[in-house]
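Take a look at the structure below.
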Amino acid sequence: MFKRMRVLLPFILLAAAMAADTAWAAGAGQEDLDKATEAKLAAQSPTLDDLAEIVRLTESAMKKGLDETGTEFAKRLLTSTLLQRAQEATRQIFANVSSIEDFRQRRRAAVADVEKSLKLDPNQAQTHLLLAQLNALPGGKDSKEVVASLDKAIEFGAGDVETKAKAFLLRAALLESPEKKRADLDEAVRLLPNNAAMVRARGLALADMDKPDAALADLDRAIALEPDNGPTHEARAIVLARLKRFDEALAALDKVQAISPDSLAPFMQRAKIHTQQQKFDAAIDDLNKALKMDPGNVVVLLHRAGVYQEKGDKQKALADADEAMRLKPDEPLVIRTRALLLAENEQLDLALADLEKLVKLEPKDTLSLLQLGMLYSAKKKSARAVEIFTKLLALEPNEWKAWRGRGDAYLNTGRQAEALADYEKAFKLQPKDDGVLNNLAWLLATSPDDKLRDGRRAIKLATEACELTEWKAAHILSTLAAAYAETGDFDAAIKWSNKAVELGVKEKDKETEDALKKELENYKAKKPTRELLSEEPAAKK
């Protein structure tokens with residue numbers, strides 16, 4: 001037997017060597033890759049932790065080394081798992097986010113996975129679409145980069161009709177050209193003509209494009225495809241309400257309530273319709289029913305606050321906003337709504353505190369910065385307003401309201417050259433805004449600096465502003481009078497100044513009335529208006 005073992009030993013050693021050679025040929029990472037594959041197959045509904053382990057094992061396998069076949073397989077496995085993990089993280093963004101910071105972290109993690117997946121395989125239509133969707137969320141990229149991702153999703157989506165249709169639909173929402181927007185919407189529906197969600201989405205987009213008839217046609221078609229879909233009936237009600245077909249809209253909402261008796265949506269939309277009709281008590285009654293169903297819903301509370309405000313019950317409006325703030329103290333919508341209600345009720349210091357908090361939470365939110373800058377201007381804190389508007393313009397240089405707002409702030413502090421430059425930029429971006437036209441014309445007509453005045457241009461601008469306001473705004477007629485006075489045409493100045501005084505008397509604002517009468521006396525004495533403000537009177541509005 002010993003002899004026999006001596007004979008077999010070389011064969012055993014040879015088999016072991018051959019096995020070792022095979023393992024070496026497959027690569028040192030094969031074991032980790034096998035484990036990753038087994039984990040992938042075993043996880044029917046993988047959690048984020050499951051997917052993280054698969055990613056870890058696959059990356060470990062690739063780092064340790066694989067043969068050519070194993071490397072290709074590992075890349076495919078890693079690519080698909082990263083996409084799956086990003087999709088799950090994205091789903092949780094909308095279903096399970098506890099705070100703004102939680103939202104940001106989840107979005108960043110999902111984006112990192114998507115970008116890593118695209119480095120491994122840049123031709124994935126579905127992954128380009130997900131990247132676009134993530135970057136379209138707050139804190140993402142600008143619209144140009146989102147559109148670039150969608151272009152790639154469309155380019156690589158030839159064999160994936162659903163992904164391609166979704167890409168067209170999202171791109172349509174970002175395009176500025178109505179013709180291109182409509183073309184993308186049509187292409188999305190052409191690709192998925194029997195998809196009720198796609199047809200409904202085009203209907204809503206058409207409604208936003210002020211094409212209500214086409215919108216209703218799409219929504220009716222979506223209902224034919226999916227008769228018991230509550231959101232489609234709700235969308236139809238919204239379009240009907242915009243057309244002021246209120247009874248039909250309410251009937252559509254009754255259908256929504258029958259389909260989804262536990263849904264708050266029909267009560268919310270019904271309240272909006274009643275508010276449009278100025279039936280405030282009926283609106284509040286619907287919102288009370290919604291709050292009975294969901295007592296802690298801050299969106300309903302804020303909606304009711306808005307109705308109370310329109311009704312004139314400011315105390316109840318602020319009480320609802322305060323309750324919403326108690327429930328969700330870091331929710332941007334809650335903070336912004338209460339700030340606006342406080343501002344409307346002339347509690348500017350409290351409104352400023354809310355908006356400052358909001359800007360700290362979202363330092364790149366241009367709407368918050370715009371509102372904050374306007375409030376500082378209203379508080380006659382022009383230096384701070386300039387600072388805020390400057391931050392905003394660094395983020396969004398085409399925000400004409402910020403150029404106009406900073407121009408007002410500069411004007412309030414006597415920095416007329418800077419004000420003029422800002423008004424010119426606002427005018428270039430928005431040449432049909434009566435406020436921009438008026439303030440630019442006023443500066444050109446009344447500046448003490450000879451180099452800044454231009455009476456003839458001031459007349460042209462002020463006349464356009466008067467036409468836009470149907471010659472019914474006293475302060476703009478006053479600007480037109482000042483422009484004529486600057487050119488030496490005091491007869492025209494007196495004519496328009498008299499009309500401004502007449503309107504000013506009707507406004508029952510003694511301070512404004514006195515200022516207009518003083519201007520009229522100057523023109524009668526053939527004196528043009530000259531104005532150089534110092535810190536802090538408000539700019540001419």
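By convention in this document, the chains of the structure tokens carry letters A, B, ... by their order, each chain's residues are numbered from 1, and ligands are numbered from 1 in the order they are shown.
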Give me, as a tab-separated table, the closest atom pair and its distance (Å, one decimal) for every residue of segment 216-269 of chain A within a cut-off of 10 Å of segment 297-317 of chain A, counting only C-alpha atoms, rows sorted by chain and rising number.
```
residue	atom	partner	partner_atom	distance
A:Leu264	CA	A:Val300	CA	8.8
A:Phe267	CA	A:Val300	CA	9.5
A:Met268	CA	A:Val300	CA	7.3
```
Let's see if you can do this: from backbone DSSP, list all helix (DSSP H, G or I) residues in segment 199-407 of chain A, as a CSV table (one decimal) with C-alpha atoms, in the first residue's frame.
```
chain,number,residue,atom,x,y,z
A,199,VAL,CA,-50.5,61.3,-21.7
A,200,ARG,CA,-51.5,62.9,-18.4
A,201,ALA,CA,-48.1,64.5,-18.0
A,202,ARG,CA,-48.4,66.0,-21.5
A,203,GLY,CA,-51.8,67.3,-20.6
A,204,LEU,CA,-50.5,69.1,-17.5
A,205,ALA,CA,-47.6,70.5,-19.4
A,206,LEU,CA,-50.0,71.8,-22.1
A,207,ALA,CA,-52.1,73.4,-19.4
A,208,ASP,CA,-49.0,75.2,-18.1
A,212,PRO,CA,-56.2,74.3,-22.0
A,213,ASP,CA,-58.2,72.7,-24.8
A,214,ALA,CA,-55.3,70.5,-25.9
A,215,ALA,CA,-54.7,69.8,-22.2
A,216,LEU,CA,-58.2,68.6,-21.6
A,217,ALA,CA,-58.1,66.4,-24.7
A,218,ASP,CA,-55.1,64.7,-23.3
A,219,LEU,CA,-56.6,64.3,-19.8
A,220,ASP,CA,-59.8,62.9,-21.2
A,221,ARG,CA,-57.7,60.4,-23.2
A,222,ALA,CA,-55.7,59.4,-20.1
A,223,ILE,CA,-59.0,58.8,-18.3
A,224,ALA,CA,-60.2,56.6,-21.2
A,225,LEU,CA,-57.0,54.6,-20.8
A,230,GLY,CA,-57.6,59.8,-9.2
A,231,PRO,CA,-54.6,62.0,-10.2
A,232,THR,CA,-55.9,62.3,-13.8
A,233,HIS,CA,-59.4,63.4,-12.6
A,234,GLU,CA,-57.7,65.8,-10.3
A,235,ALA,CA,-55.5,67.2,-13.1
A,236,ARG,CA,-58.7,67.6,-15.2
A,237,ALA,CA,-60.3,69.5,-12.4
A,238,ILE,CA,-57.3,71.9,-12.2
A,239,VAL,CA,-57.5,72.7,-15.9
A,240,LEU,CA,-61.3,73.2,-15.7
A,241,ALA,CA,-60.8,75.6,-12.8
A,242,ARG,CA,-58.3,77.6,-14.8
A,246,PHE,CA,-66.0,75.6,-11.7
A,247,ASP,CA,-69.0,73.3,-11.6
A,248,GLU,CA,-67.3,70.8,-13.9
A,249,ALA,CA,-64.1,71.1,-11.9
A,250,LEU,CA,-66.0,70.3,-8.6
A,251,ALA,CA,-67.7,67.4,-10.3
A,252,ALA,CA,-64.3,66.0,-11.3
A,253,LEU,CA,-63.1,66.3,-7.7
A,254,ASP,CA,-66.2,64.4,-6.5
A,255,LYS,CA,-65.0,61.6,-8.8
A,256,VAL,CA,-61.5,61.8,-7.2
A,257,GLN,CA,-63.1,61.5,-3.7
A,258,ALA,CA,-65.1,58.5,-4.8
A,259,ILE,CA,-62.0,56.8,-6.2
A,265,ALA,CA,-56.3,66.1,-2.7
A,266,PRO,CA,-60.0,66.7,-3.5
A,267,PHE,CA,-60.4,68.8,-0.4
A,268,MET,CA,-57.3,70.8,-1.2
A,269,GLN,CA,-58.3,71.4,-4.8
A,270,ARG,CA,-61.9,72.2,-3.9
A,271,ALA,CA,-60.6,74.8,-1.4
A,272,LYS,CA,-58.6,76.4,-4.2
A,273,ILE,CA,-61.7,76.6,-6.4
A,274,HIS,CA,-63.8,78.1,-3.6
A,275,THR,CA,-61.0,80.7,-3.0
A,276,GLN,CA,-61.0,81.6,-6.7
A,280,PHE,CA,-63.7,81.8,1.7
A,281,ASP,CA,-65.9,80.1,4.3
A,282,ALA,CA,-66.5,77.1,1.9
A,283,ALA,CA,-62.8,76.9,1.3
A,284,ILE,CA,-62.0,76.9,5.0
A,285,ASP,CA,-64.7,74.2,5.6
A,286,ASP,CA,-62.9,71.9,3.0
A,287,LEU,CA,-59.6,72.5,4.6
A,288,ASN,CA,-61.0,71.8,8.1
A,289,LYS,CA,-62.1,68.4,6.8
A,290,ALA,CA,-58.7,67.8,5.4
A,291,LEU,CA,-57.1,68.7,8.7
A,292,LYS,CA,-59.5,66.3,10.5
A,293,MET,CA,-58.2,63.6,8.3
A,298,VAL,CA,-48.5,71.6,7.4
A,299,VAL,CA,-49.4,72.0,3.7
A,300,VAL,CA,-53.1,72.1,4.6
A,301,LEU,CA,-52.3,74.5,7.5
A,302,LEU,CA,-50.4,76.8,5.2
A,303,HIS,CA,-53.2,76.7,2.7
A,304,ARG,CA,-55.8,77.6,5.3
A,305,ALA,CA,-53.5,80.4,6.5
A,306,GLY,CA,-53.5,81.8,3.0
A,307,VAL,CA,-57.3,81.6,2.8
A,308,TYR,CA,-57.6,83.4,6.2
A,309,GLN,CA,-55.2,86.1,4.9
A,310,GLU,CA,-57.3,86.6,1.8
A,311,LYS,CA,-60.5,86.7,3.9
A,314,LYS,CA,-54.7,88.1,9.7
A,315,GLN,CA,-54.7,86.8,13.3
A,316,LYS,CA,-55.9,83.3,12.3
A,317,ALA,CA,-53.6,83.3,9.3
A,318,LEU,CA,-50.6,83.8,11.5
A,319,ALA,CA,-51.8,81.3,14.0
A,320,ASP,CA,-51.9,78.6,11.3
A,321,ALA,CA,-48.4,79.6,10.1
A,322,ASP,CA,-47.1,79.5,13.7
A,323,GLU,CA,-48.6,76.0,14.2
A,324,ALA,CA,-47.0,74.9,10.9
A,325,MET,CA,-43.7,76.3,12.1
A,326,ARG,CA,-44.0,74.4,15.5
A,327,LEU,CA,-44.6,71.2,13.6
A,332,PRO,CA,-38.4,75.8,3.8
A,333,LEU,CA,-42.0,76.1,2.6
A,334,VAL,CA,-43.2,76.7,6.2
A,335,ILE,CA,-40.5,79.3,6.9
A,336,ARG,CA,-41.1,81.2,3.6
A,337,THR,CA,-44.9,81.2,4.0
A,338,ARG,CA,-44.8,82.6,7.5
A,339,ALA,CA,-42.2,85.2,6.5
A,340,LEU,CA,-44.5,86.4,3.7
A,341,LEU,CA,-47.5,86.6,6.0
A,342,LEU,CA,-45.5,88.5,8.5
A,343,ALA,CA,-44.3,90.9,5.8
A,344,GLU,CA,-47.9,91.4,4.5
A,348,LEU,CA,-40.9,93.1,9.0
A,349,ASP,CA,-38.4,92.3,11.7
A,350,LEU,CA,-40.0,88.9,12.4
A,351,ALA,CA,-40.2,88.3,8.6
A,352,LEU,CA,-36.5,89.1,8.2
A,353,ALA,CA,-35.6,86.7,11.0
A,354,ASP,CA,-37.5,83.9,9.2
A,355,LEU,CA,-35.9,84.6,5.8
A,356,GLU,CA,-32.4,84.9,7.3
A,357,LYS,CA,-33.0,81.4,8.8
A,358,LEU,CA,-34.2,80.2,5.4
A,359,VAL,CA,-31.1,81.5,3.7
A,360,LYS,CA,-28.9,79.8,6.2
A,361,LEU,CA,-30.6,76.5,5.5
A,366,THR,CA,-32.3,82.5,-5.2
A,367,LEU,CA,-36.0,83.0,-4.4
A,368,SER,CA,-35.1,83.3,-0.7
A,369,LEU,CA,-32.3,85.8,-1.4
A,370,LEU,CA,-34.6,87.9,-3.6
A,371,GLN,CA,-37.3,88.0,-0.9
A,372,LEU,CA,-34.7,88.8,1.7
A,373,GLY,CA,-33.2,91.6,-0.3
A,374,MET,CA,-36.7,93.1,-1.0
A,375,LEU,CA,-37.5,93.0,2.7
A,376,TYR,CA,-34.3,94.8,3.7
A,377,SER,CA,-35.1,97.4,1.1
A,378,ALA,CA,-38.6,97.8,2.6
A,382,SER,CA,-30.1,99.5,1.8
A,383,ALA,CA,-26.5,98.5,2.5
A,384,ARG,CA,-27.7,95.0,3.6
A,385,ALA,CA,-30.1,94.8,0.6
A,386,VAL,CA,-27.2,95.5,-1.8
A,387,GLU,CA,-25.2,92.7,-0.1
A,388,ILE,CA,-28.0,90.2,-0.5
A,389,PHE,CA,-28.8,91.2,-4.1
A,390,THR,CA,-25.1,90.9,-5.0
A,391,LYS,CA,-25.0,87.3,-3.7
A,392,LEU,CA,-28.1,86.5,-5.7
A,393,LEU,CA,-26.7,87.9,-8.9
A,394,ALA,CA,-23.5,85.9,-8.5
A,395,LEU,CA,-25.7,82.8,-8.5
A,400,TRP,CA,-33.9,91.0,-13.5
A,401,LYS,CA,-35.7,91.6,-10.3
A,402,ALA,CA,-32.4,91.4,-8.4
A,403,TRP,CA,-30.9,94.0,-10.8
A,404,ARG,CA,-33.9,96.2,-10.3
A,405,GLY,CA,-33.8,95.6,-6.5
A,406,ARG,CA,-30.1,96.4,-6.2
A,407,GLY,CA,-30.7,99.5,-8.4
```
Inset, instruction - Can you pull out every residue within 12 Å of Ala112 of chain A, counting only C-alpha atoms, but drop anything in the same chain fewer than 6 positions away, and send it as a ChimeraX atom specification? - result: /A:82-83,85-87,89-90,105-106,118-119,127,130-131,134-135
Legend entry - For Leu33 of chain A, the nearest of the candidates A:Leu185, A:Val55, A:Ala74, A:Leu150, counting only C-alpha atoms: A:Ala74
Legend entry - Selected residue, from A:Lys526, A:Lys432, A:Lys211, A:Lys64, that lies nearest to Asp491 of chain A when counting only C-alpha atoms: A:Lys526
